[in-house]
$ cat structure07.cif   # mmCIF, N, CA and C atoms
data_upload
loop_
_atom_site.label_atom_id
_atom_site.label_comp_id
_atom_site.auth_asym_id
_atom_site.auth_seq_id
_atom_site.Cartn_x
_atom_site.Cartn_y
_atom_site.Cartn_z
N MET M 1 -22.48 -40.02 -17.93
CA MET M 1 -21.55 -38.93 -17.72
C MET M 1 -22.06 -37.72 -18.51
N THR M 2 -22.03 -36.60 -17.86
CA THR M 2 -22.60 -35.40 -18.47
C THR M 2 -21.52 -34.53 -19.11
N GLU M 3 -21.98 -33.62 -19.93
CA GLU M 3 -21.06 -32.64 -20.53
C GLU M 3 -20.39 -31.80 -19.43
N LYS M 4 -21.15 -31.51 -18.38
CA LYS M 4 -20.60 -30.73 -17.27
C LYS M 4 -19.41 -31.47 -16.64
N GLN M 5 -19.52 -32.79 -16.46
CA GLN M 5 -18.41 -33.57 -15.90
C GLN M 5 -17.20 -33.51 -16.81
N HIS M 6 -17.42 -33.62 -18.12
CA HIS M 6 -16.31 -33.50 -19.08
C HIS M 6 -15.61 -32.15 -18.91
N GLN M 7 -16.39 -31.09 -18.79
CA GLN M 7 -15.83 -29.75 -18.66
C GLN M 7 -15.06 -29.59 -17.35
N ILE M 8 -15.59 -30.14 -16.27
CA ILE M 8 -14.93 -30.03 -14.97
C ILE M 8 -13.59 -30.75 -14.98
N PHE M 9 -13.57 -31.97 -15.49
CA PHE M 9 -12.31 -32.71 -15.53
C PHE M 9 -11.30 -32.02 -16.46
N ALA M 10 -11.77 -31.49 -17.58
CA ALA M 10 -10.87 -30.78 -18.50
C ALA M 10 -10.31 -29.53 -17.82
N LYS M 11 -11.14 -28.83 -17.04
CA LYS M 11 -10.71 -27.60 -16.37
C LYS M 11 -9.57 -27.86 -15.38
N ILE M 12 -9.55 -29.04 -14.75
CA ILE M 12 -8.48 -29.35 -13.81
C ILE M 12 -7.37 -30.18 -14.46
N GLY M 13 -7.43 -30.29 -15.80
CA GLY M 13 -6.36 -30.94 -16.54
C GLY M 13 -6.31 -32.45 -16.40
N ARG M 14 -7.48 -33.06 -16.30
CA ARG M 14 -7.54 -34.51 -16.13
C ARG M 14 -8.46 -35.15 -17.16
N LYS M 15 -8.25 -36.45 -17.35
CA LYS M 15 -9.18 -37.23 -18.16
C LYS M 15 -10.45 -37.45 -17.34
N VAL M 16 -11.56 -37.65 -18.00
CA VAL M 16 -12.82 -37.89 -17.31
C VAL M 16 -12.69 -39.12 -16.41
N GLY M 17 -13.06 -38.97 -15.15
CA GLY M 17 -12.99 -40.07 -14.20
C GLY M 17 -11.62 -40.31 -13.60
N GLU M 18 -10.68 -39.41 -13.85
CA GLU M 18 -9.32 -39.57 -13.30
C GLU M 18 -9.25 -38.95 -11.91
N PHE M 19 -8.97 -39.79 -10.93
CA PHE M 19 -8.83 -39.35 -9.56
C PHE M 19 -7.40 -39.58 -9.12
N ARG M 20 -6.91 -38.73 -8.20
CA ARG M 20 -5.51 -38.79 -7.77
C ARG M 20 -5.37 -38.84 -6.26
N HIS M 21 -4.17 -39.19 -5.83
CA HIS M 21 -3.82 -39.24 -4.41
C HIS M 21 -4.16 -37.90 -3.76
N ASN M 22 -4.84 -37.97 -2.63
CA ASN M 22 -5.25 -36.82 -1.81
C ASN M 22 -6.44 -36.04 -2.36
N ASP M 23 -7.08 -36.51 -3.42
CA ASP M 23 -8.36 -35.92 -3.81
C ASP M 23 -9.36 -36.21 -2.68
N ILE M 24 -10.30 -35.32 -2.49
CA ILE M 24 -11.39 -35.56 -1.55
C ILE M 24 -12.66 -35.67 -2.37
N LEU M 25 -13.30 -36.83 -2.28
CA LEU M 25 -14.54 -37.08 -3.01
C LEU M 25 -15.71 -36.87 -2.07
N ILE M 26 -16.73 -36.20 -2.54
CA ILE M 26 -17.94 -36.00 -1.76
C ILE M 26 -18.98 -36.98 -2.27
N THR M 27 -19.49 -37.81 -1.36
CA THR M 27 -20.50 -38.80 -1.71
C THR M 27 -21.71 -38.62 -0.79
N ASP M 28 -22.77 -39.36 -1.08
CA ASP M 28 -23.94 -39.30 -0.21
C ASP M 28 -23.67 -39.97 1.14
N ASP M 29 -22.50 -40.61 1.28
CA ASP M 29 -22.10 -41.26 2.53
C ASP M 29 -21.03 -40.44 3.25
N GLY M 30 -20.75 -39.24 2.75
CA GLY M 30 -19.75 -38.38 3.36
C GLY M 30 -18.49 -38.29 2.51
N PRO M 31 -17.51 -37.52 2.98
CA PRO M 31 -16.27 -37.33 2.21
C PRO M 31 -15.37 -38.56 2.28
N ILE M 32 -14.63 -38.77 1.21
CA ILE M 32 -13.66 -39.87 1.12
C ILE M 32 -12.36 -39.28 0.60
N ILE M 33 -11.25 -39.56 1.30
CA ILE M 33 -9.94 -39.13 0.83
C ILE M 33 -9.33 -40.27 0.02
N VAL M 34 -8.91 -39.96 -1.18
CA VAL M 34 -8.31 -40.97 -2.06
C VAL M 34 -6.84 -41.12 -1.69
N MET M 35 -6.46 -42.31 -1.22
CA MET M 35 -5.06 -42.56 -0.88
C MET M 35 -4.32 -43.09 -2.12
N ARG M 36 -4.91 -44.05 -2.79
CA ARG M 36 -4.39 -44.56 -4.06
C ARG M 36 -5.60 -44.75 -4.96
N PRO M 37 -5.62 -44.11 -6.11
CA PRO M 37 -6.79 -44.19 -6.98
C PRO M 37 -7.21 -45.61 -7.34
N SER M 38 -6.27 -46.55 -7.36
CA SER M 38 -6.60 -47.93 -7.74
C SER M 38 -7.06 -48.78 -6.56
N SER M 39 -7.00 -48.24 -5.34
CA SER M 39 -7.37 -49.02 -4.17
C SER M 39 -8.85 -48.87 -3.85
N VAL M 40 -9.26 -49.62 -2.84
CA VAL M 40 -10.66 -49.53 -2.41
C VAL M 40 -10.79 -48.49 -1.31
N VAL M 41 -12.00 -47.96 -1.19
CA VAL M 41 -12.31 -46.95 -0.18
C VAL M 41 -13.58 -47.38 0.55
N PRO M 42 -13.76 -46.90 1.80
CA PRO M 42 -14.98 -47.26 2.53
C PRO M 42 -16.18 -46.48 2.00
N TYR M 43 -17.27 -47.20 1.81
CA TYR M 43 -18.51 -46.56 1.36
C TYR M 43 -19.68 -47.35 1.91
N LYS M 44 -20.48 -46.70 2.75
CA LYS M 44 -21.67 -47.31 3.36
C LYS M 44 -21.37 -48.67 4.00
N GLY M 45 -20.28 -48.72 4.76
CA GLY M 45 -19.93 -49.93 5.50
C GLY M 45 -19.26 -51.01 4.69
N GLU M 46 -19.02 -50.77 3.42
CA GLU M 46 -18.36 -51.75 2.56
C GLU M 46 -17.14 -51.10 1.92
N MET M 47 -16.37 -51.89 1.20
CA MET M 47 -15.21 -51.38 0.49
C MET M 47 -15.51 -51.45 -1.01
N ILE M 48 -15.17 -50.37 -1.72
CA ILE M 48 -15.48 -50.26 -3.15
C ILE M 48 -14.35 -49.47 -3.82
N THR M 49 -14.11 -49.72 -5.09
CA THR M 49 -13.07 -48.95 -5.78
C THR M 49 -13.60 -47.57 -6.15
N VAL M 50 -12.70 -46.62 -6.29
CA VAL M 50 -13.08 -45.27 -6.70
C VAL M 50 -13.72 -45.31 -8.08
N ASP M 51 -13.16 -46.13 -8.99
CA ASP M 51 -13.74 -46.26 -10.33
C ASP M 51 -15.19 -46.74 -10.27
N GLU M 52 -15.45 -47.70 -9.39
CA GLU M 52 -16.81 -48.22 -9.28
C GLU M 52 -17.75 -47.17 -8.69
N LEU M 53 -17.28 -46.42 -7.71
CA LEU M 53 -18.09 -45.31 -7.16
C LEU M 53 -18.47 -44.34 -8.27
N TYR M 54 -17.50 -44.03 -9.12
CA TYR M 54 -17.76 -43.10 -10.22
C TYR M 54 -18.74 -43.69 -11.23
N ARG M 55 -18.52 -44.95 -11.59
CA ARG M 55 -19.43 -45.61 -12.56
C ARG M 55 -20.86 -45.68 -12.03
N GLN M 56 -20.99 -45.87 -10.72
CA GLN M 56 -22.33 -45.95 -10.11
C GLN M 56 -22.92 -44.57 -9.80
N GLU M 57 -22.19 -43.52 -10.18
CA GLU M 57 -22.63 -42.14 -9.97
C GLU M 57 -22.88 -41.82 -8.51
N LYS M 58 -22.02 -42.33 -7.64
CA LYS M 58 -22.12 -42.07 -6.19
C LYS M 58 -21.29 -40.87 -5.76
N ILE M 59 -20.44 -40.35 -6.66
CA ILE M 59 -19.61 -39.20 -6.33
C ILE M 59 -20.35 -37.93 -6.72
N GLU M 60 -20.61 -37.08 -5.73
CA GLU M 60 -21.36 -35.85 -5.96
C GLU M 60 -20.46 -34.69 -6.35
N GLY M 61 -19.19 -34.75 -5.94
CA GLY M 61 -18.26 -33.68 -6.25
C GLY M 61 -16.86 -34.07 -5.83
N ILE M 62 -15.91 -33.21 -6.16
CA ILE M 62 -14.51 -33.49 -5.88
C ILE M 62 -13.78 -32.21 -5.47
N TYR M 63 -12.93 -32.34 -4.47
CA TYR M 63 -11.96 -31.32 -4.14
C TYR M 63 -10.63 -31.87 -4.63
N PRO M 64 -10.15 -31.42 -5.79
CA PRO M 64 -8.91 -31.98 -6.33
C PRO M 64 -7.70 -31.62 -5.47
N ALA M 65 -6.77 -32.55 -5.39
CA ALA M 65 -5.56 -32.34 -4.59
C ALA M 65 -4.81 -31.09 -5.04
N GLU M 66 -4.90 -30.73 -6.32
CA GLU M 66 -4.21 -29.56 -6.84
C GLU M 66 -4.70 -28.27 -6.21
N SER M 67 -5.89 -28.26 -5.64
CA SER M 67 -6.43 -27.04 -5.05
C SER M 67 -6.04 -26.88 -3.58
N PHE M 68 -5.25 -27.81 -3.06
CA PHE M 68 -4.80 -27.77 -1.66
C PHE M 68 -3.99 -26.50 -1.40
N VAL M 69 -4.30 -25.85 -0.31
CA VAL M 69 -3.55 -24.67 0.11
C VAL M 69 -2.88 -25.01 1.43
N SER M 70 -1.55 -24.95 1.44
CA SER M 70 -0.78 -25.29 2.62
C SER M 70 -0.37 -24.04 3.38
N PHE M 71 -0.27 -24.16 4.69
CA PHE M 71 0.22 -23.07 5.52
C PHE M 71 1.73 -23.18 5.72
N GLU M 72 2.35 -24.20 5.17
CA GLU M 72 3.80 -24.39 5.24
C GLU M 72 4.46 -23.58 4.13
N ASP M 73 5.67 -23.13 4.35
CA ASP M 73 6.41 -22.36 3.34
C ASP M 73 6.65 -23.17 2.08
N GLY M 74 6.31 -22.61 0.93
CA GLY M 74 6.60 -23.22 -0.36
C GLY M 74 5.80 -24.44 -0.71
N GLU M 75 4.75 -24.75 0.03
CA GLU M 75 3.98 -25.97 -0.21
C GLU M 75 2.63 -25.72 -0.86
N SER M 76 2.28 -24.49 -1.09
CA SER M 76 0.95 -24.18 -1.60
C SER M 76 0.88 -24.36 -3.11
N ASP M 77 -0.22 -25.01 -3.54
CA ASP M 77 -0.49 -25.16 -4.97
C ASP M 77 -1.50 -24.13 -5.45
N ALA M 78 -1.91 -23.24 -4.57
CA ALA M 78 -2.94 -22.26 -4.93
C ALA M 78 -2.38 -21.17 -5.82
#

$ encode --input "structure07.cif" --output "structure tokens"
Amino acid sequence: MTEKQHQIFAKIGRKVGEFRHNDILITDDGPIIVMRPSSVVPYKGEMITVDELYRQEKIEGIYPAESFVSFEDGESDA
């Protein structure tokens, strides 16, 4: 884990490696939407936990759920 990762997680108000419902993770196998952080997600034809993806350094980036912009009235977090 790099200092940059520490800074990124701190900037969005999270502990390092903390993923939440509706985060979008970017991996070398494409984007993954996190439904429940403790559940498994599809990755390269198999199922793996989000924590394991992170430990194996397969996550290239994250679109945090907090950055979601809604077109519905009063639903935007932007």

$ closest_residue --input "structure07.cif" --among "M:Asp28, M:Ser38, M:Ile33, M:Lys44" --to "Lys58 of chain M" --atoms "only C-alpha atoms"
M:Asp28

$ residues_around --input "structure07.cif" --residues "Val16 of chain M" --least-positions-apart "4" --cutoff "6.5 Å" --atoms "all atoms listed in the file" --output "PyMOL selection string"
chain M and resi 5-6+9-10

$ atom_distance --input "structure07.cif" --atom1 "atom C of Glu57 of chain M" --atom2 "atom CA of Ile24 of chain M"
14.8 Å

$ closest_residue --input "structure07.cif" --among "M:Thr27, M:Asn22, M:Gln7, M:Ser70" --to "Tyr54 of chain M" --atoms "only C-alpha atoms"
M:Thr27

$ atom_distance --input "structure07.cif" --atom1 "atom CA of Glu66 of chain M" --atom2 "atom CA of Glu52 of chain M"
22.6 Å

$ residues_around --input "structure07.cif" --residues "segment 39-42 of chain M" --least-positions-apart "2" --cutoff "12 Å" --atoms "only C-alpha atoms" --output "ChimeraX atom specification"
/M:19-21,24-25,27,29-37,44-53

$ atom_distance --input "structure07.cif" --atom1 "atom N of Pro64 of chain M" --atom2 "atom N of Asp23 of chain M"
6.4 Å

$ select_by_dssp --input "structure07.cif" --residues "chain M" --states "alpha helix (DSSP H)" --output "tab-separated table (two decimals) with N, CA and C atoms, keeping the file's coordinate frame"
chain	number	residue	atom	x	y	z
M	3	GLU	N	-21.98	-33.62	-19.93
M	3	GLU	CA	-21.06	-32.64	-20.53
M	3	GLU	C	-20.39	-31.80	-19.43
M	4	LYS	N	-21.15	-31.51	-18.38
M	4	LYS	CA	-20.60	-30.73	-17.27
M	4	LYS	C	-19.41	-31.47	-16.64
M	5	GLN	N	-19.52	-32.79	-16.46
M	5	GLN	CA	-18.41	-33.57	-15.90
M	5	GLN	C	-17.20	-33.51	-16.81
M	6	HIS	N	-17.42	-33.62	-18.12
M	6	HIS	CA	-16.31	-33.50	-19.08
M	6	HIS	C	-15.61	-32.15	-18.91
M	7	GLN	N	-16.39	-31.09	-18.79
M	7	GLN	CA	-15.83	-29.75	-18.66
M	7	GLN	C	-15.06	-29.59	-17.35
M	8	ILE	N	-15.59	-30.14	-16.27
M	8	ILE	CA	-14.93	-30.03	-14.97
M	8	ILE	C	-13.59	-30.75	-14.98
M	9	PHE	N	-13.57	-31.97	-15.49
M	9	PHE	CA	-12.31	-32.71	-15.53
M	9	PHE	C	-11.30	-32.02	-16.46
M	10	ALA	N	-11.77	-31.49	-17.58
M	10	ALA	CA	-10.87	-30.78	-18.50
M	10	ALA	C	-10.31	-29.53	-17.82
M	11	LYS	N	-11.14	-28.83	-17.04
M	11	LYS	CA	-10.71	-27.60	-16.37
M	11	LYS	C	-9.57	-27.86	-15.38
M	50	VAL	N	-12.70	-46.62	-6.29
M	50	VAL	CA	-13.08	-45.27	-6.70
M	50	VAL	C	-13.72	-45.31	-8.08
M	51	ASP	N	-13.16	-46.13	-8.99
M	51	ASP	CA	-13.74	-46.26	-10.33
M	51	ASP	C	-15.19	-46.74	-10.27
M	52	GLU	N	-15.45	-47.70	-9.39
M	52	GLU	CA	-16.81	-48.22	-9.28
M	52	GLU	C	-17.75	-47.17	-8.69
M	53	LEU	N	-17.28	-46.42	-7.71
M	53	LEU	CA	-18.09	-45.31	-7.16
M	53	LEU	C	-18.47	-44.34	-8.27
M	54	TYR	N	-17.50	-44.03	-9.12
M	54	TYR	CA	-17.76	-43.10	-10.22
M	54	TYR	C	-18.74	-43.69	-11.23
M	55	ARG	N	-18.52	-44.95	-11.59
M	55	ARG	CA	-19.43	-45.61	-12.56
M	55	ARG	C	-20.86	-45.68	-12.03

$ closest_residue --input "structure07.cif" --among "M:Ile12, M:Tyr43, M:Gly17, M:Glu3" --to "Arg55 of chain M" --atoms "only N, CA and C atoms"
M:Gly17

$ resolve_selection --input "structure07.cif" --expression "the PyMOL selection byres (((chain M and resi 60 and name CA) around 6) and name CA)" --output "PyMOL selection string"
chain M and resi 26-27+59+61
